[in-house]
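Dumped query_37.tsv below, it's TSV, C-alpha atoms:
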chain	number	residue	atom	x	y	z
A	29	MET	CA	-156.24	181.51	-116.45
A	30	ASP	CA	-158.53	178.63	-117.37
A	31	MET	CA	-161.69	180.60	-116.75
A	32	LEU	CA	-160.37	183.66	-118.56
A	33	PHE	CA	-159.49	181.50	-121.56
A	34	ILE	CA	-162.88	179.78	-121.57
A	35	LYS	CA	-164.65	183.14	-121.36
A	36	GLY	CA	-162.55	184.49	-124.27
A	37	LYS	CA	-160.67	187.05	-122.14
A	38	TYR	CA	-157.32	186.29	-123.77
A	39	LYS	CA	-155.61	189.60	-122.93
A	40	SER	CA	-156.49	189.21	-119.24
A	41	ALA	CA	-155.28	185.60	-119.32
A	42	LEU	CA	-152.01	186.79	-120.87
A	43	GLU	CA	-151.62	189.34	-118.06
A	44	VAL	CA	-152.05	186.57	-115.48
A	45	LEU	CA	-149.51	184.45	-117.38
A	46	ILE	CA	-146.98	187.30	-117.40
A	47	GLU	CA	-147.55	187.90	-113.68
A	48	MET	CA	-146.97	184.19	-112.98
A	49	LYS	CA	-143.76	184.35	-114.96
A	50	ASN	CA	-142.61	187.49	-113.12
A	51	GLN	CA	-143.19	185.71	-109.80
A	52	ASP	CA	-141.14	182.70	-111.00
A	53	VAL	CA	-144.05	180.26	-110.72
A	54	LYS	CA	-143.03	176.86	-112.09
A	55	PHE	CA	-145.21	176.00	-115.07
A	56	SER	CA	-146.85	172.59	-115.28
A	57	LYS	CA	-147.45	170.89	-118.63
A	58	ASP	CA	-151.05	172.09	-118.61
A	59	THR	CA	-149.89	175.64	-117.94
A	60	TYR	CA	-147.68	175.50	-121.03
A	61	VAL	CA	-150.59	174.24	-123.13
A	62	LEU	CA	-152.80	177.02	-121.82
A	63	ALA	CA	-150.09	179.66	-122.27
A	64	PHE	CA	-149.46	178.68	-125.88
A	65	ALA	CA	-153.22	178.49	-126.54
A	66	ILE	CA	-153.63	182.03	-125.20
A	67	CYS	CA	-150.83	183.27	-127.46
A	68	TYR	CA	-152.37	181.43	-130.42
A	69	LYS	CA	-155.78	182.99	-129.81
A	70	LEU	CA	-154.28	186.50	-129.55
A	71	ASN	CA	-152.35	185.93	-132.81
A	72	SER	CA	-150.23	189.07	-132.57
A	73	PRO	CA	-146.51	189.69	-133.01
A	74	GLU	CA	-146.27	190.34	-129.25
A	75	SER	CA	-147.97	187.04	-128.36
A	76	PHE	CA	-145.74	185.25	-130.88
A	77	LYS	CA	-142.66	186.72	-129.15
A	78	ILE	CA	-143.98	185.65	-125.72
A	79	CYS	CA	-144.75	182.15	-126.99
A	80	MET	CA	-141.29	181.69	-128.51
A	81	THR	CA	-139.63	183.06	-125.35
A	82	LEU	CA	-141.57	180.62	-123.16
A	83	ARG	CA	-140.67	177.77	-125.50
A	84	GLU	CA	-136.96	178.63	-125.51
A	85	GLU	CA	-136.85	179.00	-121.72
A	86	ALA	CA	-138.59	175.65	-121.25
A	87	LEU	CA	-136.15	173.92	-123.58
A	88	ILE	CA	-133.17	175.55	-121.85
A	89	LYS	CA	-134.47	174.24	-118.51
A	90	GLY	CA	-134.70	170.78	-120.06
A	91	GLU	CA	-138.47	170.56	-119.77
A	92	VAL	CA	-140.36	168.48	-122.30
A	93	LEU	CA	-143.23	170.45	-123.78
A	94	PRO	CA	-146.48	168.59	-124.38
A	95	ARG	CA	-147.36	167.84	-127.98
A	96	ARG	CA	-150.51	169.93	-127.71
A	97	ALA	CA	-148.50	172.97	-126.58
A	98	SER	CA	-146.15	172.51	-129.53
A	99	CYS	CA	-149.14	172.34	-131.88
A	100	PHE	CA	-150.38	175.71	-130.63
A	101	ALA	CA	-146.89	177.17	-131.03
A	102	VAL	CA	-146.58	175.86	-134.60
A	103	ALA	CA	-150.05	177.12	-135.52
A	104	LEU	CA	-149.22	180.56	-134.16
A	105	ALA	CA	-145.96	180.53	-136.10
A	106	LEU	CA	-147.89	179.55	-139.24
A	107	ASN	CA	-150.28	182.45	-138.75
A	108	GLN	CA	-147.47	184.94	-138.15
A	109	ILE	CA	-144.96	183.68	-140.71
A	110	MET	CA	-147.35	182.87	-143.59
A	111	ILE	CA	-147.19	186.55	-144.46
A	112	HIS	CA	-143.44	186.43	-145.16
A	113	ILE	CA	-143.02	182.88	-146.40
A	114	GLN	CA	-140.08	182.06	-148.69
A	115	SER	CA	-139.85	179.60	-151.57
A	116	ASN	CA	-137.53	177.16	-149.73
A	117	VAL	CA	-140.17	176.87	-146.98
A	118	LEU	CA	-142.78	176.17	-149.66
A	119	LYS	CA	-140.68	173.30	-150.99
A	120	THR	CA	-140.49	171.88	-147.46
A	121	LEU	CA	-144.28	172.13	-147.15
A	122	ILE	CA	-144.71	170.26	-150.43
A	123	GLU	CA	-142.32	167.54	-149.19
A	124	ILE	CA	-144.37	167.15	-145.99
A	125	LEU	CA	-147.54	166.73	-148.05
A	126	LYS	CA	-145.79	164.25	-150.34
A	127	ASP	CA	-144.64	162.15	-147.37
A	128	ALA	CA	-148.18	162.17	-145.98
A	129	THR	CA	-149.68	160.85	-149.23
A	130	GLU	CA	-147.21	158.01	-149.75
A	131	GLY	CA	-148.59	154.72	-148.47
A	132	ASN	CA	-145.36	153.34	-147.02
A	133	VAL	CA	-146.89	152.91	-143.58
A	134	SER	CA	-149.01	150.08	-142.24
A	135	ARG	CA	-152.76	150.43	-142.62
A	136	PHE	CA	-152.93	150.25	-138.81
A	137	VAL	CA	-150.96	153.50	-138.46
A	138	LYS	CA	-153.17	156.57	-138.55
A	139	LYS	CA	-152.30	158.86	-141.44
A	140	PRO	CA	-151.96	162.59	-140.78
A	141	VAL	CA	-155.03	164.70	-141.52
A	142	PHE	CA	-154.79	168.27	-142.83
A	143	SER	CA	-157.20	171.12	-142.38
A	144	GLU	CA	-158.80	172.46	-145.57
A	145	GLU	CA	-158.06	175.95	-144.22
A	146	VAL	CA	-154.32	175.27	-143.99
A	147	LEU	CA	-154.23	173.69	-147.44
A	148	ALA	CA	-156.00	176.76	-148.86
A	149	LYS	CA	-153.30	178.99	-147.34
A	150	VAL	CA	-150.59	176.81	-148.86
A	151	ARG	CA	-152.33	176.91	-152.26
A	152	GLU	CA	-152.46	180.71	-152.03
A	153	LYS	CA	-148.71	180.88	-151.37
A	154	VAL	CA	-147.67	178.40	-154.10
A	155	LYS	CA	-149.87	179.90	-156.83
A	156	ASP	CA	-147.00	182.15	-157.96
A	157	VAL	CA	-144.65	179.18	-158.56
A	158	PRO	CA	-146.14	177.05	-161.40
A	159	ALA	CA	-144.02	173.93	-160.72
A	160	LEU	CA	-144.96	173.90	-157.04
A	161	LEU	CA	-148.61	174.64	-157.84
A	162	ALA	CA	-148.84	171.63	-160.16
A	163	THR	CA	-147.26	169.35	-157.54
A	164	PHE	CA	-149.51	170.80	-154.83
A	165	GLU	CA	-152.67	170.20	-156.88
A	166	GLU	CA	-151.65	166.57	-157.48
A	167	LEU	CA	-150.93	166.01	-153.78
A	168	TYR	CA	-154.13	167.81	-152.79
A	169	GLY	CA	-156.12	165.39	-154.94
A	170	LYS	CA	-154.36	162.38	-153.38
A	171	LEU	CA	-155.03	163.71	-149.88
A	172	HIS	CA	-158.74	164.04	-150.69
A	173	ILE	CA	-158.91	160.53	-152.19
A	174	ASN	CA	-157.18	159.09	-149.09
A	175	GLY	CA	-159.55	160.95	-146.76
A	176	GLN	CA	-156.73	162.99	-145.23
A	177	VAL	CA	-158.45	166.38	-145.53
A	178	THR	CA	-160.87	167.63	-142.91
A	179	THR	CA	-163.28	170.54	-143.08
A	180	TYR	CA	-162.53	171.47	-139.48
A	181	THR	CA	-160.65	174.74	-139.11
A	182	LEU	CA	-157.21	174.77	-137.57
A	183	ASP	CA	-158.70	176.59	-134.59
A	184	ALA	CA	-161.33	173.87	-134.12
A	185	LEU	CA	-158.73	171.11	-134.32
A	186	LEU	CA	-156.40	172.79	-131.84
A	187	CYS	CA	-159.04	173.84	-129.31
A	188	HIS	CA	-160.83	170.47	-129.35
A	189	THR	CA	-160.95	168.98	-125.86
A	190	PRO	CA	-159.80	165.36	-126.02
A	191	LYS	CA	-162.17	162.79	-124.56
A	192	ASP	CA	-161.21	160.28	-121.89
A	193	ARG	CA	-160.14	157.06	-123.61
A	194	LYS	CA	-161.37	154.78	-120.83
A	195	SER	CA	-164.76	153.27	-121.37
A	196	HIS	CA	-167.25	153.81	-118.60
A	197	MET	CA	-169.26	150.80	-119.77
A	198	ALA	CA	-166.79	148.47	-118.06
A	199	LEU	CA	-167.86	149.91	-114.72
A	200	LEU	CA	-171.52	149.34	-115.52
A	201	ASN	CA	-171.01	145.76	-116.70
A	202	LYS	CA	-169.35	144.51	-113.51
A	203	ARG	CA	-170.74	141.25	-112.24
A	204	THR	CA	-172.78	141.52	-109.07
A	205	VAL	CA	-174.01	137.92	-109.10
A	206	SER	CA	-171.96	134.74	-108.79
A	207	ARG	CA	-171.82	132.70	-111.99
A	208	ARG	CA	-171.83	129.41	-110.09
A	209	THR	CA	-174.41	130.01	-107.34
A	210	PHE	CA	-176.31	132.98	-108.82
A	211	GLN	CA	-176.09	134.61	-105.36
A	212	PRO	CA	-175.13	138.28	-104.92
A	213	LEU	CA	-171.40	138.82	-104.62
A	214	SER	CA	-170.16	140.40	-101.41
A	215	GLN	CA	-168.64	143.88	-101.61
A	216	SER	CA	-165.12	142.49	-101.10
A	217	LEU	CA	-165.42	140.36	-104.24
A	218	TRP	CA	-166.66	143.21	-106.46
A	219	ALA	CA	-163.13	144.54	-106.78
A	220	GLU	CA	-162.06	141.46	-108.75
Entire entry expressed as structure tokens:
Amino acid sequence: MDMLFIKGKYKSALEVLIEMKNQDVKFSKDTYVLAFAICYKLNSPESFKICMTLREEALIKGEVLPRRASCFAVALALNQIMIHIQSNVLKTLIEILKDATEGNVSRFVKKPVFSEEVLAKVREKVKDVPALLATFEELYGKLHINGQVTTYTLDALLCHTPKDRKSHMALLNKRTVSRRTFQPLSQSLWAE
């Protein structure tokens, strides 16, 4: 499935996923991430149904879905539901943006960042409700001032491969010479 996804063969990857499910293969956390990413890339009502079914089955089994898998599921839901969005959902979206702009958190806590693409979709949906549009424009300005808007697309943010957090410089900077005698350390002491 990995190679099919990397090569952009999402329908074939979905077929493999369905076959795995039919054979009752237990999904790992990475498999869930990949499955939801495949469904997100296909962005069809059928893939949305498959994604939601996988999610429900995982939750029924008591499995904890990785955050990245949930992000793909939410993004797919946004793409599928944005067509039929209701005003009470718009109010919830505005509340989320309002919470993100309020500075009640420590400066050491990373503030959420929103994609310009997503904010443009929200603007398009709230333009018919003048009160919500005014509030949205105010919050949009605050988000820009706070640096909480990125030009990356939602697809780019979701499909970004996280880097390893460990620094490889620590391995290169290991001491090979004794500080006291300036003699080479033996192999057994290098582990310290």
Worksheet entry | Long-range neighbours of Ser40 in chain A as a VMD selection string, 12 Å cut-off, all atoms listed in the file, 2 positions minimum in chain | chain A and resid 29 to 38 42 to 47 63 66 to 67 70
Worksheet entry | Local residues around (-150.6, 170.4, -126.0), at most 9 Å away, using all atoms listed in the file, as a ChimeraX atom specification | /A:57-58,60-62,64-65,93-100,186
Practice prompt. Find, counting all atoms listed in the file, the residue in A:Ala86, A:Asn71, A:Thr209, A:Val150 that gets nearest to Lys49 in chain A.
Written response: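 Residue with the minimum atom-to-atom distance to Lys49 in chain A: A:Ala86.
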Worksheet entry | Two-atom distance - CA of Ala184 in chain A, CA of Glu84 in chain A (Å) |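 Distance between the two atoms: 26.3 Å.
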Worksheet entry | Option closest in space to Val146 in chain A, from A:Thr120, A:Ile173, A:Tyr180, A:Lys126 [counting only C-alpha atoms] |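 Among the listed residues, the smallest separation from Val146 in chain A belongs to A:Tyr180.
Interatomic distance, CA of Ile124 in chain A against CA of Val177 in chain A: 14.1 Å.
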Worksheet item: Which residue, A:Ala148, A:Val102, A:Leu87, A:Met48, has the smallest gap to Glu165 in chain A when you use only C-alpha atoms?
Response: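 Comparing A:Ala148, A:Val102, A:Leu87, A:Met48 against Glu165 in chain A, the winner is A:Ala148.
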Item to complete: In Å, rounded to a single decimal, give me how far CA of Glu166 in chain A is from CA of Arg151 in chain A.
Response: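 The value is 11.6 Å.
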Practice prompt. Select, from A:Phe142, A:Thr179, A:Leu118, A:Glu74, the residue with the minimum atom-to-atom distance to Thr163 in chain A, counting only C-alpha atoms.
Written response: A:Leu118
Which polymer residues, whether protein, DNA or RNA, lie within 9 Å of the coordinate (-146.0, 169.8, -155.1) when you count all atoms listed in the file? List them as a compact mmCIF listing (two decimals) with C-alpha atoms, in the coordinates of the input, using the chain letters and numbers from the file.
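To be explicit, this is the file written out as selection39.txt:
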# COMPACT_ATOMS: atom_id res chain seq x y z
CA LEU A 118 -142.78 176.17 -149.66
CA LYS A 119 -140.68 173.30 -150.99
CA LEU A 121 -144.28 172.13 -147.15
CA ILE A 122 -144.71 170.26 -150.43
CA GLU A 123 -142.32 167.54 -149.19
CA LEU A 125 -147.54 166.73 -148.05
CA LYS A 126 -145.79 164.25 -150.34
CA VAL A 154 -147.67 178.40 -154.10
CA ALA A 159 -144.02 173.93 -160.72
CA LEU A 160 -144.96 173.90 -157.04
CA LEU A 161 -148.61 174.64 -157.84
CA ALA A 162 -148.84 171.63 -160.16
CA THR A 163 -147.26 169.35 -157.54
CA PHE A 164 -149.51 170.80 -154.83
CA GLU A 165 -152.67 170.20 -156.88
CA GLU A 166 -151.65 166.57 -157.48
CA LEU A 167 -150.93 166.01 -153.78
CA TYR A 168 -154.13 167.81 -152.79
Practice prompt. Measuring atom to atom with all atoms listed in the file, identify which of A:Gln108, A:Thr204, A:Ser56, A:Asn50 is nearest to Pro73 in chain A.
Written response: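 Using all atoms listed in the file, the shortest distance to Pro73 in chain A belongs to A:Gln108.
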Report the centre and edge lengths, in Å to one decimal, of an axis-aligned box enclosing every atom of range 50-55 of chain A listed in the file, padded by 4 Å on each side, as lines of an AutoDock Vina configuration file.
center_x = -143.2
center_y = 181.7
center_z = -112.4
size_x = 12.1
size_y = 19.5
size_z = 13.3
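Using all atoms listed in the file, the smallest distance between any of A:Lys170, A:Glu85, A:Leu182, A:Thr129 and Lys69 in chain A comes from A:Leu182.
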Please, could N, CA and C atoms be added to range 124-155 of chain A and the result written as a CSV table (one decimal), keeping the file's coordinate frame?
chain,number,residue,atom,x,y,z
A,124,ILE,N,-143.6,167.7,-147.1
A,124,ILE,CA,-144.4,167.2,-146.0
A,124,ILE,C,-145.7,166.5,-146.5
A,125,LEU,N,-146.3,167.2,-147.5
A,125,LEU,CA,-147.5,166.7,-148.0
A,125,LEU,C,-147.3,165.5,-148.8
A,126,LYS,N,-146.1,165.4,-149.6
A,126,LYS,CA,-145.8,164.2,-150.3
A,126,LYS,C,-145.6,163.0,-149.4
A,127,ASP,N,-144.9,163.2,-148.3
A,127,ASP,CA,-144.6,162.2,-147.4
A,127,ASP,C,-146.0,161.6,-146.8
A,128,ALA,N,-146.9,162.6,-146.6
A,128,ALA,CA,-148.2,162.2,-146.0
A,128,ALA,C,-149.0,161.3,-147.0
A,129,THR,N,-148.9,161.6,-148.3
A,129,THR,CA,-149.7,160.8,-149.2
A,129,THR,C,-149.1,159.5,-149.6
A,130,GLU,N,-147.8,159.3,-149.4
A,130,GLU,CA,-147.2,158.0,-149.8
A,130,GLU,C,-147.7,156.9,-148.8
A,131,GLY,N,-148.0,155.8,-149.3
A,131,GLY,CA,-148.6,154.7,-148.5
A,131,GLY,C,-147.6,153.8,-148.0
A,132,ASN,N,-146.4,154.2,-147.5
A,132,ASN,CA,-145.4,153.3,-147.0
A,132,ASN,C,-145.6,152.9,-145.6
A,133,VAL,N,-146.6,153.3,-145.0
A,133,VAL,CA,-146.9,152.9,-143.6
A,133,VAL,C,-148.0,151.8,-143.5
A,134,SER,N,-148.0,151.1,-142.4
A,134,SER,CA,-149.0,150.1,-142.2
A,134,SER,C,-150.4,150.7,-142.2
A,135,ARG,N,-151.4,149.9,-142.6
A,135,ARG,CA,-152.8,150.4,-142.6
A,135,ARG,C,-153.3,150.6,-141.2
A,136,PHE,N,-152.5,150.1,-140.2
A,136,PHE,CA,-152.9,150.2,-138.8
A,136,PHE,C,-152.4,151.6,-138.2
A,137,VAL,N,-151.5,152.2,-138.9
A,137,VAL,CA,-151.0,153.5,-138.5
A,137,VAL,C,-151.8,154.6,-139.0
A,138,LYS,N,-152.3,155.5,-138.1
A,138,LYS,CA,-153.2,156.6,-138.6
A,138,LYS,C,-152.4,157.6,-139.4
A,139,LYS,N,-152.9,157.9,-140.5
A,139,LYS,CA,-152.3,158.9,-141.4
A,139,LYS,C,-152.6,160.3,-141.0
A,140,PRO,N,-151.7,161.2,-141.2
A,140,PRO,CA,-152.0,162.6,-140.8
A,140,PRO,C,-153.1,163.2,-141.6
A,141,VAL,N,-153.9,164.0,-140.9
A,141,VAL,CA,-155.0,164.7,-141.5
A,141,VAL,C,-154.7,166.2,-141.5
A,142,PHE,N,-155.1,166.8,-142.7
A,142,PHE,CA,-154.8,168.3,-142.8
A,142,PHE,C,-156.1,169.0,-142.9
A,143,SER,N,-156.1,170.2,-142.3
A,143,SER,CA,-157.2,171.1,-142.4
A,143,SER,C,-157.3,171.7,-143.8
A,144,GLU,N,-158.5,171.8,-144.3
A,144,GLU,CA,-158.8,172.5,-145.6
A,144,GLU,C,-158.3,173.9,-145.5
A,145,GLU,N,-158.5,174.5,-144.4
A,145,GLU,CA,-158.1,176.0,-144.2
A,145,GLU,C,-156.6,176.1,-144.4
A,146,VAL,N,-155.8,175.2,-143.8
A,146,VAL,CA,-154.3,175.3,-144.0
A,146,VAL,C,-153.9,175.0,-145.4
A,147,LEU,N,-154.5,174.0,-146.0
A,147,LEU,CA,-154.2,173.7,-147.4
A,147,LEU,C,-154.6,174.8,-148.4
A,148,ALA,N,-155.6,175.6,-148.1
A,148,ALA,CA,-156.0,176.8,-148.9
A,148,ALA,C,-154.9,177.8,-148.7
A,149,LYS,N,-154.4,178.0,-147.5
A,149,LYS,CA,-153.3,179.0,-147.3
A,149,LYS,C,-152.1,178.6,-148.1
A,150,VAL,N,-151.8,177.3,-148.1
A,150,VAL,CA,-150.6,176.8,-148.9
A,150,VAL,C,-150.8,177.0,-150.4
A,151,ARG,N,-152.0,176.7,-150.8
A,151,ARG,CA,-152.3,176.9,-152.3
A,151,ARG,C,-152.1,178.4,-152.6
A,152,GLU,N,-152.6,179.3,-151.8
A,152,GLU,CA,-152.5,180.7,-152.0
A,152,GLU,C,-151.0,181.1,-152.2
A,153,LYS,N,-150.1,180.5,-151.3
A,153,LYS,CA,-148.7,180.9,-151.4
A,153,LYS,C,-148.0,180.3,-152.6
A,154,VAL,N,-148.4,179.1,-153.0
A,154,VAL,CA,-147.7,178.4,-154.1
A,154,VAL,C,-148.2,178.8,-155.5
A,155,LYS,N,-149.3,179.6,-155.5
A,155,LYS,CA,-149.9,179.9,-156.8
A,155,LYS,C,-148.9,180.7,-157.7
